[in-house]
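This is query34.txt. It holds compact mmCIF, C-alpha atoms.
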```
# COMPACT_ATOMS: atom_id res chain seq x y z
CA MET A 3 10.08 -1.08 0.12
CA GLU A 4 13.83 -1.65 0.46
CA SER A 5 15.83 0.26 3.07
CA VAL A 6 17.50 2.25 0.28
CA ASN A 7 14.12 3.86 -0.45
CA LYS A 8 13.25 4.64 3.16
CA ILE A 9 13.79 7.93 4.92
CA GLN A 10 16.60 7.76 7.44
CA CYS A 11 17.61 10.04 10.27
CA PRO A 12 21.37 10.73 10.39
CA CYS A 13 21.36 8.82 13.72
CA GLY A 14 20.68 5.67 11.69
CA THR A 15 16.97 5.21 12.45
CA PHE A 16 14.85 4.31 9.41
CA ILE A 17 11.45 6.00 9.23
CA GLU A 18 9.08 3.92 7.13
CA ASP A 19 5.81 5.54 8.07
CA PRO A 20 4.97 9.19 8.79
CA GLY A 21 3.26 7.97 11.95
CA ASP A 22 6.68 6.91 13.28
CA TYR A 23 7.77 10.51 13.92
CA LYS A 24 7.05 11.96 17.33
CA VAL A 25 5.31 15.33 17.43
CA LEU A 26 5.77 17.57 20.43
CA TYR A 27 3.87 20.75 21.20
CA LEU A 28 6.21 22.59 23.56
CA LYS A 29 6.60 25.96 21.88
CA HIS A 30 3.15 27.39 22.67
CA GLU A 31 4.19 31.04 22.37
CA MET A 32 5.81 30.39 18.97
CA LYS A 33 2.77 28.41 17.73
CA GLU A 34 5.09 25.63 16.63
CA ILE A 35 4.98 21.84 16.85
CA ASP A 36 8.31 19.98 16.72
CA ILE A 37 8.78 16.90 14.55
CA LEU A 38 11.13 14.55 16.37
CA CYS A 39 13.08 11.44 15.44
CA PRO A 40 11.42 8.28 16.80
CA ASN A 41 14.77 7.29 18.36
CA ASP A 42 14.88 8.71 21.90
CA ALA A 43 18.70 8.53 21.82
CA CYS A 44 18.99 10.55 18.58
CA TYR A 45 21.61 13.29 18.72
CA LEU A 46 19.70 15.50 16.25
CA ARG A 47 16.33 14.93 17.90
CA GLU A 48 14.40 17.71 16.09
CA LEU A 49 13.93 16.92 12.41
CA GLY A 50 11.46 19.63 11.50
CA TYR A 51 8.48 21.71 12.55
CA VAL A 52 4.85 22.56 11.87
CA LYS A 53 3.78 26.18 12.35
CA PHE A 54 0.22 27.39 12.75
CA ASP A 55 -1.80 30.53 13.40
CA MET A 56 -4.78 31.00 15.67
CA GLU A 57 -8.07 32.16 14.19
CA GLY A 58 -10.30 32.71 17.19
CA GLU A 59 -10.14 29.45 19.10
CA LYS A 60 -9.06 27.40 16.10
CA ALA A 61 -5.54 26.43 15.13
CA LYS A 62 -4.95 26.77 11.39
CA PHE A 63 -1.99 25.19 9.61
CA LYS A 64 0.56 27.72 8.35
CA GLU A 65 3.65 25.81 7.17
CA ALA A 66 5.68 22.68 7.75
CA SER A 67 9.27 21.86 6.95
CA PHE A 68 12.09 19.50 7.72
CA TYR A 69 15.42 21.00 8.77
CA PRO A 70 18.28 21.10 6.20
CA PRO A 71 20.54 18.45 7.85
CA PHE A 72 17.73 15.88 7.65
CA VAL A 73 16.83 16.80 4.06
CA THR A 74 20.48 16.88 2.93
CA TRP A 75 21.19 13.49 4.54
CA ASN A 76 18.30 11.87 2.68
CA SER A 77 19.00 13.70 -0.59
CA GLY A 78 22.54 12.36 -0.48
CA ARG A 79 21.29 8.82 0.13
CA LEU A 80 18.27 8.72 -2.19
CA GLY A 81 18.82 11.54 -4.68
CA PHE A 82 17.07 14.88 -4.37
CA GLU A 83 13.90 14.06 -6.33
CA THR A 84 13.19 10.81 -4.47
CA ALA A 85 13.94 12.29 -1.05
CA ASP A 86 11.93 15.44 -1.79
CA LYS A 87 8.90 13.39 -2.88
CA ILE A 88 8.96 11.10 0.17
CA LEU A 89 9.63 13.92 2.64
CA LYS A 90 6.74 15.98 1.23
CA GLU A 91 4.45 12.95 1.60
CA HIS A 92 5.63 12.53 5.19
CA LEU A 93 4.98 16.22 6.00
CA LYS A 94 1.47 16.07 4.53
CA ALA A 95 0.65 12.98 6.60
CA ILE A 96 2.10 14.49 9.79
CA VAL A 97 0.05 17.67 9.34
CA LYS A 98 -3.09 15.64 8.58
CA ASN A 99 -2.64 13.54 11.75
CA ILE A 100 -2.29 16.50 14.12
CA ASP A 101 -5.32 17.03 16.35
CA TRP A 102 -5.85 20.67 15.36
CA GLU A 103 -8.88 21.10 17.59
CA ARG A 104 -6.89 20.00 20.63
CA ILE A 105 -3.96 22.27 19.66
CA GLY A 106 -6.36 25.21 19.38
CA LYS A 107 -7.80 24.54 22.83
CA ALA A 108 -4.34 24.13 24.39
CA THR A 109 -3.09 27.35 22.79
CA GLU A 110 -6.23 29.26 23.77
CA SER A 111 -6.03 28.11 27.41
CA GLU A 112 -2.30 28.98 27.47
CA SER A 113 -2.97 32.54 26.27
CA GLU A 114 -5.84 33.00 28.77
CA SER A 115 -3.59 32.06 31.70
CA GLN A 116 -1.02 34.76 30.89
```
Once you've parsed the file, please lay out its structure as structure tokens.
Amino acid sequence: MESVNKIQCPCGTFIEDPGDYKVLYLKHEMKEIDILCPNDACYLRELGYVKFDMEGEKAKFKEASFYPPFVTWNSGRLGFETADKILKEHLKAIVKNIDWERIGKATESESESQ
């Protein structure tokens, strides 16, 4: 795949594989997981999010999205249809790779301690 067909963060970092993104579960109370640029020096840092609901002790996927600046940047570079297709594939892979059981346990223990 040539670099023209790769997703790119506005900071300049190319993201070839959905596994390259960093995912960070900091927003326990919001039930949200941040999708971060793999470049630690990125000025945007957050590229999107994954939201979930709790059903008992289980975390259940609700929605995932990339933020408009990231989508617009790639749409301008690759064309909307190409960027949309690749970004949707990346979101699906990110959601699939999240350890939902672990997220459920972390969220449950967080709510018990309050």
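Atom to atom, CA of Asn41 (chain A) and CA of Lys87 (chain A) stand 22.9 Å apart.
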Please determine, counting all atoms listed in the file, which residue among A:Ile35, A:Met56, A:Leu93, A:Leu26 has the shortest atom-to-atom distance to Gly106 (chain A).
A:Met56
Interatomic distance, CA of Phe63 (chain A) to CA of His92 (chain A) (Å, one decimal)
15.4 Å
Pick the closest to His30 (chain A) from A:Lys90, A:Arg47, A:Lys53, A:Lys98: which is it, counting all atoms listed in the file?
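Using all atoms listed in the file, His30 (chain A) sits closest to A:Lys53.
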Protein and nucleic acid residues near (12.4, 15.1, 11.3) (cut-off 12 Å, all atoms listed in the file) as a ChimeraX atom specification
/A:9-13,15-17,20-26,35-41,44-52,66-76,89-90,92-93,96
At a cut-off of 10 Å, using all atoms listed in the file, what residues contact Asn7 (chain A)? Leave out same-chain residues fewer than 3 positions from it and give the result as a ChimeraX atom specification.
/A:3-4,10,16,18,76,79-81,84-85,88
Calculated over only C-alpha atoms, which of the candidates A:Leu28, A:Ser77, A:Ala43, A:Asp86 has the smallest distance to Ile105 (chain A)?
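Among the listed residues, the smallest separation from Ile105 (chain A) belongs to A:Leu28.
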Atom pair CA of Ala61 (chain A) + CA of Glu110 (chain A), distance 9.1 Å
For Lys29 (chain A), which residue out of A:Lys8, A:Thr109, A:Glu83, A:Gly58 is the nearest one, using all atoms listed in the file?
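Of all the options, A:Thr109 lies closest to Lys29 (chain A).
Counting only C-alpha atoms and comparing A:Lys33, A:Gly78, A:Glu59, A:Tyr27, the residue that lies closest to Ile100 (chain A) is A:Tyr27.
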Let me have the centre and edge lengths of the axis-aligned box enclosing all listed atoms of region 92-98 of chain A with 3 Å padding on every side, in Å to one decimal, as AutoDock Vina command-line options.
```
--center_x 1.3 --center_y 15.1 --center_z 7.2 --size_x 14.7 --size_y 11.1 --size_z 11.3
```
